[in-house]
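Just entry26.txt here, compact mmCIF, C-alpha atoms and all ligand atoms:
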```txt
# COMPACT_ATOMS: atom_id res chain seq x y z
CA MET W 403 96.71 21.85 166.08
CA THR W 404 98.54 23.19 169.05
CA GLN W 405 101.43 21.16 170.42
CA PHE W 406 101.78 20.99 174.13
CA GLY W 407 105.36 20.98 175.15
CA PHE W 408 105.28 18.76 178.16
CA GLY W 409 107.97 16.21 178.51
CA ALA W 410 107.70 13.20 180.71
CA VAL W 411 107.48 14.38 184.27
CA THR W 412 109.08 11.96 186.67
CA LEU W 413 110.68 11.88 190.04
CA GLU W 414 112.81 8.80 189.59
CA HIS W 415 116.43 9.40 190.51
CA GLU W 416 119.12 6.77 190.13
CA ASN W 417 116.65 3.93 190.60
CA THR W 418 115.93 4.86 194.18
CA GLY W 419 112.71 6.59 193.30
CA ARG W 420 113.81 9.31 195.69
CA PRO W 421 116.30 12.11 195.37
CA ASP W 422 119.23 11.34 197.65
CA SER W 423 119.93 13.44 200.71
CA ASP W 424 122.97 15.02 199.02
CA THR W 425 120.78 16.37 196.27
CA VAL W 426 118.35 17.78 198.78
CA ASP W 427 121.15 19.32 200.83
CA ALA W 428 122.69 20.76 197.68
CA THR W 429 119.36 22.35 196.80
CA LEU W 430 119.05 23.78 200.29
CA ALA W 431 122.65 24.98 200.27
CA ALA W 432 122.13 26.65 196.91
CA SER W 433 119.34 28.66 198.52
CA GLY W 434 121.76 29.84 201.20
CA ASP W 435 121.41 27.21 203.91
CA ALA W 436 124.89 26.89 205.38
CA SER W 437 123.96 24.07 207.72
CA ALA W 438 122.93 21.96 204.72
CA PHE W 439 126.27 22.81 203.18
CA GLU W 440 128.04 21.79 206.36
CA ARG W 441 126.36 18.38 206.12
CA LEU W 442 127.67 18.08 202.58
CA TYR W 443 131.13 19.06 203.82
CA ARG W 444 131.11 16.46 206.62
CA HIS W 445 129.93 13.77 204.26
CA HIS W 446 132.45 14.46 201.51
CA VAL W 447 135.54 15.88 203.18
CA PRO W 448 137.35 12.53 203.66
CA ARG W 449 137.19 11.76 199.97
CA ILE W 450 138.10 15.29 198.89
CA TYR W 451 140.87 15.69 201.44
CA SER W 452 142.36 12.34 200.43
CA LEU W 453 142.30 13.37 196.80
CA VAL W 454 143.99 16.68 197.58
CA ARG W 455 146.65 15.02 199.73
CA ARG W 456 147.50 12.54 197.02
CA MET W 457 147.50 15.09 194.24
CA VAL W 458 149.28 17.91 195.98
CA ASN W 459 151.43 16.19 198.53
CA ASP W 460 152.46 19.08 200.70
CA ASP W 461 151.42 21.43 203.45
CA ASP W 462 148.87 23.17 201.25
CA ALA W 463 146.38 20.31 201.50
CA ASP W 464 144.23 21.90 204.21
CA GLU W 465 143.98 25.20 202.42
CA ILE W 466 143.25 23.64 199.04
CA THR W 467 140.57 21.43 200.58
CA GLN W 468 138.96 24.58 201.96
CA ASP W 469 139.28 26.23 198.55
CA VAL W 470 137.41 23.30 197.02
CA PHE W 471 134.44 23.70 199.37
CA VAL W 472 134.37 27.49 199.07
CA ARG W 473 134.36 27.10 195.29
CA ALA W 474 131.61 24.47 195.55
CA TRP W 475 129.51 26.88 197.63
CA GLN W 476 129.94 29.54 194.95
CA LYS W 477 129.12 27.15 192.13
CA LEU W 478 126.18 25.32 193.74
CA GLY W 479 123.82 27.09 191.41
CA THR W 480 125.33 25.15 188.51
CA PHE W 481 124.67 21.78 190.16
CA ARG W 482 121.66 20.41 188.36
CA GLY W 483 121.33 17.08 190.08
CA GLU W 484 121.97 15.22 186.83
CA ALA W 485 125.03 13.49 188.26
CA ALA W 486 125.48 12.55 191.88
CA PHE W 487 126.59 15.48 194.02
CA GLY W 488 129.75 13.56 194.98
CA THR W 489 130.72 13.19 191.32
CA TRP W 490 130.11 16.87 190.66
CA LEU W 491 132.12 17.88 193.72
CA HIS W 492 134.98 15.55 192.85
CA ARG W 493 135.32 16.95 189.37
CA LEU W 494 135.23 20.48 190.76
CA ALA W 495 137.94 19.49 193.26
CA VAL W 496 140.19 18.20 190.49
CA ASN W 497 139.79 21.49 188.66
CA VAL W 498 140.62 23.50 191.77
CA ILE W 499 143.67 21.34 192.46
CA LEU W 500 144.95 21.56 188.91
CA ALA W 501 144.48 25.31 188.80
CA ARG W 502 146.11 25.71 192.18
CA ARG W 503 149.20 23.57 191.57
CA GLU W 504 150.22 25.93 188.77
CA THR W 505 150.66 28.66 191.34
CA LEU W 506 152.44 26.52 193.90
CA GLY W 507 155.97 27.86 193.68
CA THR W 508 158.78 25.57 192.72
CA ARG W 509 157.75 22.22 191.40
CA ARG W 510 159.70 19.19 190.53
CA LYS W 511 159.98 18.41 186.88
CA ARG W 512 156.49 17.29 185.98
CA PHE W 513 157.14 14.58 183.48
CA LEU W 514 160.22 12.46 183.54
CA GLU W 515 161.04 10.63 180.38
CA GLY W 516 161.17 6.89 180.11
CA ASP W 517 162.70 4.93 182.93
CA ALA W 518 163.58 8.06 184.90
CA VAL W 519 160.27 7.55 186.68
CA LEU W 520 161.53 4.16 187.81
CA GLU W 521 164.73 5.61 189.15
CA PHE W 522 162.94 8.34 190.99
CA LEU W 523 161.95 6.03 193.79
CA PRO W 524 164.68 4.40 195.80
CA ALA W 525 164.50 0.66 195.53
CA ARG W 526 162.87 -1.08 198.42
CA LYS W 527 165.65 -2.14 200.72
CA ALA W 528 165.72 -5.39 202.60
CA GLY W 529 165.64 -3.83 206.06
CA PRO W 530 162.11 -2.96 207.24
CA GLU W 531 163.30 0.39 208.63
CA LEU W 532 164.20 1.47 205.11
CA ALA W 533 161.10 0.12 203.46
CA MET W 534 158.76 2.69 202.05
CA ASP W 535 155.10 1.78 202.11
CA PHE W 536 152.96 1.93 199.02
CA GLU W 537 151.28 5.22 199.80
CA SER W 538 154.53 7.01 200.65
CA ALA W 539 156.05 5.66 197.45
CA MET W 540 153.09 6.99 195.52
CA GLU W 541 153.53 10.41 197.07
CA ARG W 542 157.15 10.44 196.00
CA LEU W 543 156.44 9.81 192.35
CA PRO W 544 157.26 12.71 190.04
CA ASP W 545 154.28 15.11 189.97
CA GLY W 546 153.01 14.26 186.52
CA ALA W 547 153.16 10.50 186.95
CA ARG W 548 151.61 10.77 190.40
CA GLU W 549 148.71 12.91 189.20
CA ILE W 550 147.94 10.45 186.45
CA PHE W 551 148.24 7.45 188.73
CA VAL W 552 145.95 9.04 191.33
CA LEU W 553 143.37 10.17 188.78
CA HIS W 554 143.33 6.89 186.88
CA ASP W 555 144.03 4.05 189.27
CA VAL W 556 142.85 5.58 192.54
CA GLU W 557 140.03 7.84 191.41
CA GLY W 558 138.88 5.97 188.33
CA TYR W 559 139.06 8.64 185.62
CA ARG W 560 139.62 7.48 182.04
CA HIS W 561 142.75 8.38 180.08
CA GLU W 562 140.71 10.59 177.75
CA GLU W 563 139.39 12.60 180.70
CA ILE W 564 142.82 12.86 182.28
CA ALA W 565 144.43 13.93 179.04
CA GLU W 566 141.85 16.68 178.73
CA MET W 567 142.19 17.80 182.34
CA LEU W 568 145.97 17.87 182.25
CA GLY W 569 146.31 19.08 178.68
CA LEU W 570 148.22 16.02 177.53
CA ALA W 571 148.09 13.55 174.70
CA THR W 572 146.25 10.38 175.69
CA GLY W 573 149.40 8.42 174.87
CA THR W 574 151.36 10.43 177.43
CA SER W 575 148.79 9.67 180.08
CA LYS W 576 149.01 5.97 179.26
CA SER W 577 152.79 5.75 179.20
CA GLN W 578 153.23 7.80 182.39
CA LEU W 579 150.71 5.59 184.14
CA HIS W 580 152.57 2.49 183.06
CA ARG W 581 155.83 3.96 184.40
CA ALA W 582 154.19 4.86 187.69
CA ARG W 583 152.81 1.35 188.11
CA LEU W 584 156.17 -0.21 187.33
CA ALA W 585 157.79 2.01 189.94
CA LEU W 586 155.16 1.26 192.55
CA ARG W 587 155.26 -2.50 192.13
CA ARG W 588 158.53 -2.41 194.07
CA HIS W 589 156.62 -1.01 197.02
CA LEU W 590 153.73 -3.41 197.23
CA GLU W 591 153.27 -4.67 200.74
CA ARG W 592 154.21 -8.32 200.59
CA MET M 1196 164.20 -3.51 179.54
CA SER M 1197 164.60 -4.74 176.02
CA ASP M 1198 161.51 -6.94 175.95
CA PRO M 1199 159.10 -4.85 173.83
CA TRP M 1200 156.08 -6.55 175.38
CA MET M 1201 157.00 -5.05 178.72
CA GLU M 1202 155.77 -1.67 177.44
CA ARG M 1203 152.38 -3.06 176.56
CA LEU M 1204 151.43 -4.75 179.79
CA SER M 1205 149.32 -1.90 181.15
CA ASP M 1206 147.46 -1.67 177.86
CA TYR M 1207 146.89 -5.39 178.11
CA LEU M 1208 145.51 -5.12 181.63
CA GLU M 1209 143.24 -2.25 180.64
CA ASP M 1210 141.96 -4.22 177.67
CA ASP M 1211 143.26 -1.46 175.43
CA MET M 1212 144.73 -3.67 172.72
CA PRO M 1213 143.61 -5.11 169.39
CA ALA M 1214 142.47 -8.74 169.60
CA ALA M 1215 145.28 -10.10 167.43
CA GLU M 1216 147.93 -8.39 169.53
CA ARG M 1217 146.27 -9.59 172.66
CA LEU M 1218 146.46 -13.18 171.47
CA ALA M 1219 150.13 -12.75 170.59
CA LEU M 1220 150.86 -11.28 174.02
CA GLU M 1221 149.03 -14.07 175.76
CA ALA M 1222 151.16 -16.55 173.85
CA HIS M 1223 154.25 -14.60 174.92
CA LEU M 1224 153.19 -14.67 178.56
CA GLU M 1225 153.19 -18.47 178.43
CA THR M 1226 156.92 -18.45 177.89
CA CYS M 1227 158.23 -15.15 179.32
CA ARG M 1228 158.55 -15.30 183.06
CA ASP M 1229 159.60 -11.62 183.38
CA CYS M 1230 156.46 -10.40 181.69
CA SER M 1231 154.14 -12.69 183.63
CA VAL M 1232 155.65 -11.55 186.93
CA VAL M 1233 155.18 -7.92 185.92
CA VAL M 1234 151.58 -8.55 184.81
CA SER M 1235 150.86 -10.06 188.18
CA ASP M 1236 152.54 -7.16 190.00
CA LEU M 1237 150.73 -4.54 187.94
CA ARG M 1238 147.44 -6.22 188.76
CA ARG M 1239 148.31 -5.97 192.42
CA VAL M 1240 149.28 -2.30 192.04
CA MET M 1241 145.94 -1.57 190.38
CA ASN M 1242 144.05 -3.40 193.11
CA ARG M 1243 146.06 -1.65 195.79
CA ALA M 1244 145.21 1.72 194.28
CA ARG M 1245 141.52 0.95 194.54
CA GLN M 1246 141.86 0.10 198.21
CA MET M 1247 143.39 3.35 199.37
CA ASP M 1248 141.98 4.49 202.69
CA GLU M 1249 140.26 7.80 202.91
CA ARG M 1250 141.80 10.19 205.38
CA GLN M 1251 140.27 12.84 207.53
CA PRO M 1252 142.07 16.17 207.75
CA HIS M 1253 144.12 16.55 210.93
CA ARG M 1254 141.99 19.46 212.00
CA ASP M 1255 138.41 20.55 211.39
CA LEU M 1256 138.45 22.61 208.22
CA TRP M 1257 134.81 23.64 208.45
CA PRO M 1258 135.23 26.78 210.62
CA GLY M 1259 137.59 28.23 208.02
CA ILE M 1260 135.16 27.42 205.23
CA ALA M 1261 132.20 28.80 207.16
CA LYS M 1262 134.08 32.04 207.69
CA ARG M 1263 134.92 32.38 204.01
CA ILE M 1264 131.38 31.74 202.81
CA GLY M 1265 130.02 34.21 205.32
CA ALA M 1266 128.31 31.66 207.51
CA THR M 1267 128.64 31.66 211.24
CA SER M 1268 130.79 28.92 212.68
CA ALA M 1269 129.76 25.33 213.16
CA GLY M 1270 126.67 24.68 215.20
CA ALA M 1271 125.37 28.21 214.96
CA GLN M 1272 122.32 29.40 213.09
CA PRO M 1273 122.30 28.85 209.34
CA ILE M 1274 122.32 31.88 207.09
CA ARG M 1275 118.72 31.32 206.16
CA ARG M 1276 116.18 29.50 208.19
CA ARG M 1277 115.36 26.10 206.81
CA TRP M 1278 111.95 25.83 205.22
CA SER M 1279 109.45 24.29 207.52
CA PHE M 1280 106.25 23.19 205.89
CA SER M 1281 103.05 22.15 207.49
CA SER M 1282 100.36 20.21 205.76
CA PRO M 1283 98.64 20.38 203.44
CA GLN M 1284 101.59 19.91 201.12
CA LEU M 1285 99.64 21.51 198.36
CA ALA M 1286 99.74 24.75 200.26
CA ALA M 1287 103.43 24.43 200.96
CA ALA M 1288 104.19 23.79 197.34
CA ALA M 1289 102.08 26.72 196.31
CA VAL M 1290 104.10 28.99 198.57
CA LEU M 1291 107.27 27.65 197.02
CA LEU M 1292 105.85 28.26 193.63
CA MET M 1293 105.40 31.88 194.53
CA THR M 1294 108.79 32.14 196.14
CA PHE M 1295 110.59 30.54 193.26
CA SER M 1296 108.89 32.73 190.72
CA GLY M 1297 110.70 35.55 192.46
CA SER M 1298 107.55 37.51 193.01
CA THR M 1299 104.57 37.62 195.26
CA VAL M 1300 102.30 38.17 192.30
CA TRP M 1301 100.21 35.07 192.00
CA LEU M 1302 100.25 33.20 188.74
CA MET M 1303 96.69 33.96 187.85
CA ARG M 1304 97.61 37.60 187.48
CA SER M 1305 99.26 36.63 184.25
CA ALA M 1306 96.31 34.68 182.94
CA GLY M 1307 96.01 37.17 180.13
CA SER M 1308 95.79 34.42 177.56
CA LEU M 1309 92.34 33.57 178.77
CA PRO M 1310 89.33 34.97 177.06
CA ALA M 1311 88.82 38.47 178.35
CA ASP M 1312 85.32 37.71 179.44
CA GLY M 1313 86.20 34.31 180.77
CA PRO M 1314 85.09 33.21 184.18
CA ILE M 1315 88.44 33.77 185.83
CA ALA M 1316 89.10 36.97 187.63
CA ALA M 1317 92.67 38.03 188.26
CA THR M 1318 93.50 37.47 191.87
CA ALA M 1319 95.30 40.23 193.67
CA PRO M 1320 98.59 39.31 195.27
CA PRO M 1321 98.31 38.79 199.00
CA PRO M 1322 99.31 41.86 200.99
CA ALA M 1323 102.87 41.69 202.20
CA THR M 1324 101.76 41.90 205.79
CA VAL M 1325 99.72 38.71 205.96
CA THR M 1326 101.21 35.92 207.95
CA ALA M 1327 102.97 33.05 206.30
CA VAL M 1328 100.17 30.68 207.23
CA ASN M 1329 97.61 32.87 205.55
CA VAL M 1330 99.73 33.23 202.46
CA ARG M 1331 99.95 29.48 202.28
CA ARG M 1332 96.25 28.96 202.55
CA ASN M 1333 95.48 31.72 200.08
CA ALA M 1334 97.99 30.43 197.59
CA ALA M 1335 96.63 26.92 197.83
CA GLU M 1336 93.06 28.15 197.54
CA ASN M 1337 93.99 30.31 194.57
CA TYR M 1338 95.65 27.40 192.88
CA ALA M 1339 92.77 25.04 193.50
CA ALA M 1340 90.25 27.64 192.35
CA ALA M 1341 92.23 28.41 189.22
CA VAL M 1342 92.49 24.75 188.28
CA GLU M 1343 88.81 24.25 188.95
CA ASP M 1344 87.79 27.25 186.86
CA LEU M 1345 89.99 26.21 183.96
CA GLU M 1346 88.67 22.69 184.11
CA ARG M 1347 85.16 24.09 183.95
CA VAL M 1348 86.04 26.17 180.89
CA LEU M 1349 87.51 23.12 179.23
CA SER M 1350 84.66 20.91 180.16
CA ALA M 1351 82.14 23.38 178.78
CA GLY M 1352 84.11 23.95 175.61
CA ARG M 1353 85.09 20.34 175.07
CA GLY M 1354 82.48 19.77 172.37
CA GLN M 1355 83.94 22.62 170.33
CA LEU M 1356 87.45 21.14 170.21
CA ASP M 1357 88.52 18.46 167.78
CA THR M 1358 88.96 15.00 169.25
CA THR M 1359 92.75 14.87 168.69
CA THR M 1360 93.23 18.07 170.64
CA VAL M 1361 91.06 16.79 173.45
CA ARG M 1362 93.03 13.54 173.54
CA VAL M 1363 96.40 15.32 173.66
CA ILE M 1364 95.21 17.58 176.44
CA GLU M 1365 93.87 14.67 178.43
CA GLN M 1366 97.01 12.60 177.97
CA ASN M 1367 99.16 15.47 179.15
CA LEU M 1368 96.92 16.13 182.09
CA ALA M 1369 97.10 12.46 183.04
CA VAL M 1370 100.92 12.53 182.98
CA ILE M 1371 100.98 15.66 185.09
CA ASP M 1372 98.39 14.42 187.56
CA GLN M 1373 100.38 11.23 187.95
CA ALA M 1374 103.54 13.24 188.67
CA ILE M 1375 101.68 15.40 191.19
CA ALA M 1376 100.35 12.32 192.96
CA GLN M 1377 103.81 10.77 192.95
CA ALA M 1378 105.34 13.90 194.46
CA GLN M 1379 102.62 14.12 197.09
CA ARG M 1380 103.17 10.49 198.05
CA ALA M 1381 106.90 11.03 198.37
CA LEU M 1382 106.28 14.14 200.46
CA LEU M 1383 104.22 12.18 202.95
CA ALA M 1384 107.42 10.38 203.88
CA ASP M 1385 109.60 13.47 203.82
CA PRO M 1386 107.53 16.63 204.22
CA ALA M 1387 110.41 19.10 204.52
CA ASN M 1388 112.22 17.88 201.44
CA LEU M 1389 112.89 21.00 199.40
CA TYR M 1390 113.63 19.09 196.23
CA LEU M 1391 110.27 17.34 196.37
CA ASN M 1392 108.44 20.51 197.27
CA THR M 1393 110.08 22.34 194.41
CA HIS M 1394 109.29 19.49 192.07
CA LEU M 1395 105.67 19.44 193.17
CA ALA M 1396 105.36 23.19 192.73
CA GLU M 1397 106.89 22.96 189.28
CA THR M 1398 104.55 20.16 188.27
CA MET M 1399 101.56 22.07 189.57
CA ARG M 1400 102.67 25.07 187.56
CA ARG M 1401 102.83 22.88 184.47
CA LYS M 1402 99.32 21.75 185.05
CA LEU M 1403 98.14 25.32 185.34
CA ASP M 1404 100.04 26.27 182.19
CA LEU M 1405 98.56 23.36 180.29
CA LEU M 1406 95.04 24.20 181.40
CA ARG M 1407 95.58 27.83 180.46
CA GLN M 1408 96.84 26.88 177.03
CA ALA M 1409 93.96 24.53 176.55
CA ALA M 1410 91.43 27.11 177.68
CA THR M 1411 92.64 29.54 175.01
CA LEU M 1412 91.56 27.00 172.40
CA VAL M 1413 87.97 27.10 173.52
CA PRO M 1414 86.12 29.61 171.35
CA VAL M 1415 84.54 32.41 173.32
CA SER M 1416 80.82 31.80 173.23
ZN ZN D 1501 158.29 -10.75 178.00
```
Starting from the coordinates I provided, produce the structure as structure tokens.
Ligand SMILES: [Zn+2]
Amino acid sequence: MTQFGFGAVTLEHENTGRPDSDTVDATLAASGDASAFERLYRHHVPRIYSLVRRMVNDDDADEITQDVFVRAWQKLGTFRGEAAFGTWLHRLAVNVILARRETLGTRRKRFLEGDAVLEFLPARKAGPELAMDFESAMERLPDGAREIFVLHDVEGYRHEEIAEMLGLATGTSKSQLHRARLALRRHLER
Amino acid sequence: MSDPWMERLSDYLEDDMPAAERLALEAHLETCRDCSVVVSDLRRVMNRARQMDERQPHRDLWPGIAKRIGATSAGAQPIRRRWSFSSPQLAAAAVLLMTFSGSTVWLMRSAGSLPADGPIAATAPPPATVTAVNVRRNAAENYAAAVEDLERVLSAGRGQLDTTTVRVIEQNLAVIDQAIAQAQRALLADPANLYLNTHLAETMRRKLDLLRQAATLVPVS
């Protein structure tokens, strides 16, 4: 007999029973609605800009943030609504940042071996005027250790994902993260 | 740092350690003050990292983005007017169905799989000059008429189909009808929702496809 190829048809989306407004705006934006895309921008720019600032740590942050959203606009057709829009955008942002940093002129040595990461940050001095807060200390980590720290501890990516994104061995991601944490513990606000 | 356990403290905190080693480390932590201080600090670092504030850019980056994607600047008209649907939602979804198929040719034009002398006449596409409202009504009427005709074919031919086939068709129709009802309910709360409208149109298309497939099984009498 004839088989009818109809899968289960359902509207349920992440237990809300309703598609979220991001998904709707993404669908509208994919059809060319720039005002829907502006809503997505307003909603997500703090998270994306913060990610860029922490990953890139220089005056290019504004431009790279704009690059992320321009790229998102171009790629909206590939957003299928399977993951949350924010997750999709975040991953796209990481890719843009990683591609972009390669072209960013002179860079500090990306990965410092062993305890060199620890020595990179000046020790927290007793005087408050010399104290460096946690976030500034994080920004002064060597690039490689900082990227891993941001992606893992701030943004919640797994070592396997980070290793793939950065083209590293998982063990390198783990050991650099450990070094970064050891360095930063000196800069915890007491 | 000669204490070899010091290297493993992040693994320990991430629960990335074999059970036996974990037990050994926990025993070590009972006696090694250096390691327990570091474990406590690393925990605080990890918590601190999760509590980072989000920052807004110092200036509005949207105008620059809008320019690069070819949109007018903030607050101005969008590139394409937002869909605005009026009830009935069936009509709206039918319009979407046409729009999304990338053609103004109505689905029934492709009902070639039906028996040639079947009761369904191909419906001409609406002229390009008709107003949007008329297109909507026509599309909805076409859809309703097509479904009705196919249901009549099936109903008449039901006795000539084996019971398993009939059951499969009916089960599938029930699933699809349920999805259509669900979409229509959701649209009552949010009529302009493009996702829902698209979903409804897609589900309606499935129903039509299913009915068309089923109708081809009915022997021409
Ligand atoms: Zn120890």
In file coordinates, which residues lie within 8 Å of (92.6, 27.9, 182.4) using only C-alpha atoms, given as a PDB file with C-alpha atoms, keeping the file's coordinate frame?
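Contents of result_16.pdb, freshly written:
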```
ATOM      1  CA  ALA M1306      96.310  34.680 182.940  1.00  0.00           C
ATOM      2  CA  LEU M1309      92.340  33.570 178.770  1.00  0.00           C
ATOM      3  CA  ILE M1315      88.440  33.770 185.830  1.00  0.00           C
ATOM      4  CA  ALA M1341      92.230  28.410 189.220  1.00  0.00           C
ATOM      5  CA  VAL M1342      92.490  24.750 188.280  1.00  0.00           C
ATOM      6  CA  ASP M1344      87.790  27.250 186.860  1.00  0.00           C
ATOM      7  CA  LEU M1345      89.990  26.210 183.960  1.00  0.00           C
ATOM      8  CA  GLU M1346      88.670  22.690 184.110  1.00  0.00           C
ATOM      9  CA  VAL M1348      86.040  26.170 180.890  1.00  0.00           C
ATOM     10  CA  LEU M1349      87.510  23.120 179.230  1.00  0.00           C
ATOM     11  CA  LEU M1403      98.140  25.320 185.340  1.00  0.00           C
ATOM     12  CA  ASP M1404     100.040  26.270 182.190  1.00  0.00           C
ATOM     13  CA  LEU M1405      98.560  23.360 180.290  1.00  0.00           C
ATOM     14  CA  LEU M1406      95.040  24.200 181.400  1.00  0.00           C
ATOM     15  CA  ARG M1407      95.580  27.830 180.460  1.00  0.00           C
ATOM     16  CA  GLN M1408      96.840  26.880 177.030  1.00  0.00           C
ATOM     17  CA  ALA M1409      93.960  24.530 176.550  1.00  0.00           C
ATOM     18  CA  ALA M1410      91.430  27.110 177.680  1.00  0.00           C
ATOM     19  CA  THR M1411      92.640  29.540 175.010  1.00  0.00           C
TER      20      THR M1411
END
```
Cut-off 12 Å, all atoms listed in the file, neighbours of ligand ZN 1501 (chain D) as number ranges by chain: M: 1196-1204, 1219-1234
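Separating CA of Glu465 in chain W from CA of Arg441 in chain W is a distance of 19.3 Å.
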Computed interatomic separation between CA of Ile1375 in chain M and CA of Asp422 in chain W (Å): 19.1 Å
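Proximity ranking of M:Ala1387, M:Ala1244, M:Leu1368, M:Ala1214 relative to Glu537 in chain W places M:Ala1244 first, based on only C-alpha atoms.
For the pair CA of Leu543 in chain W and CA of Thr467 in chain W, the interatomic distance is 21.3 Å.
For the set W:Thr480, W:Thr574, W:Thr505, W:Thr425, the residue with the smallest atom-to-atom gap to chain M is W:Thr425, counting all atoms listed in the file.
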Selection: 9 Å around Glu440 in chain W, only C-alpha atoms, excl. self and same-chain fewer than 4 positions, as a list of chain:residue names: W:Ala431, W:Asp435, W:Ala436, W:Arg444, W:His445, M:Trp1257, M:Ala1261, M:Ala1269
Within 8 Å of file point (131.5, 22.1, 194.4), counting all atoms listed in the file, expressed as a list in words: Val470, Phe471, Val472, Arg473, Ala474, Trp475, Gln476, Lys477, Leu478, Trp490, Leu491, His492, Leu494 and Ala495 of chain W
Next, the residues of the selection above should be written as a PDB file, in the coordinates of the input with C-alpha atoms.
```pdb
ATOM      1  CA  VAL W 470     137.410  23.300 197.020  1.00  0.00           C
ATOM      2  CA  PHE W 471     134.440  23.700 199.370  1.00  0.00           C
ATOM      3  CA  VAL W 472     134.370  27.490 199.070  1.00  0.00           C
ATOM      4  CA  ARG W 473     134.360  27.100 195.290  1.00  0.00           C
ATOM      5  CA  ALA W 474     131.610  24.470 195.550  1.00  0.00           C
ATOM      6  CA  TRP W 475     129.510  26.880 197.630  1.00  0.00           C
ATOM      7  CA  GLN W 476     129.940  29.540 194.950  1.00  0.00           C
ATOM      8  CA  LYS W 477     129.120  27.150 192.130  1.00  0.00           C
ATOM      9  CA  LEU W 478     126.180  25.320 193.740  1.00  0.00           C
ATOM     10  CA  TRP W 490     130.110  16.870 190.660  1.00  0.00           C
ATOM     11  CA  LEU W 491     132.120  17.880 193.720  1.00  0.00           C
ATOM     12  CA  HIS W 492     134.980  15.550 192.850  1.00  0.00           C
ATOM     13  CA  LEU W 494     135.230  20.480 190.760  1.00  0.00           C
ATOM     14  CA  ALA W 495     137.940  19.490 193.260  1.00  0.00           C
TER      15      ALA W 495
END
```
Residue nearest Gly1352 in chain M among M:Pro1414, M:Ala1215, M:Glu1249, M:Val1240 (counting only C-alpha atoms): M:Pro1414
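Restricting the calculation to all atoms listed in the file, the smallest distance between chain M and any of W:Val454, W:Ala486, W:Val447, W:Leu442 is found for W:Val447.
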Neighbour list for Glu541 in chain W as a PyMOL selection string, cut-off 9 Å, all atoms listed in the file, skip fewer than 3 positions in-chain: chain W and resi 455-459+536-538+544-545+548
12 Å contact set for Arg1238 in chain M, all atoms listed in the file, chain neighbours under 6 positions out, as number ranges by chain: W: 555, 580, 583-584, 586-587, 590; M: 1204-1209, 1231-1232, 1244-1245
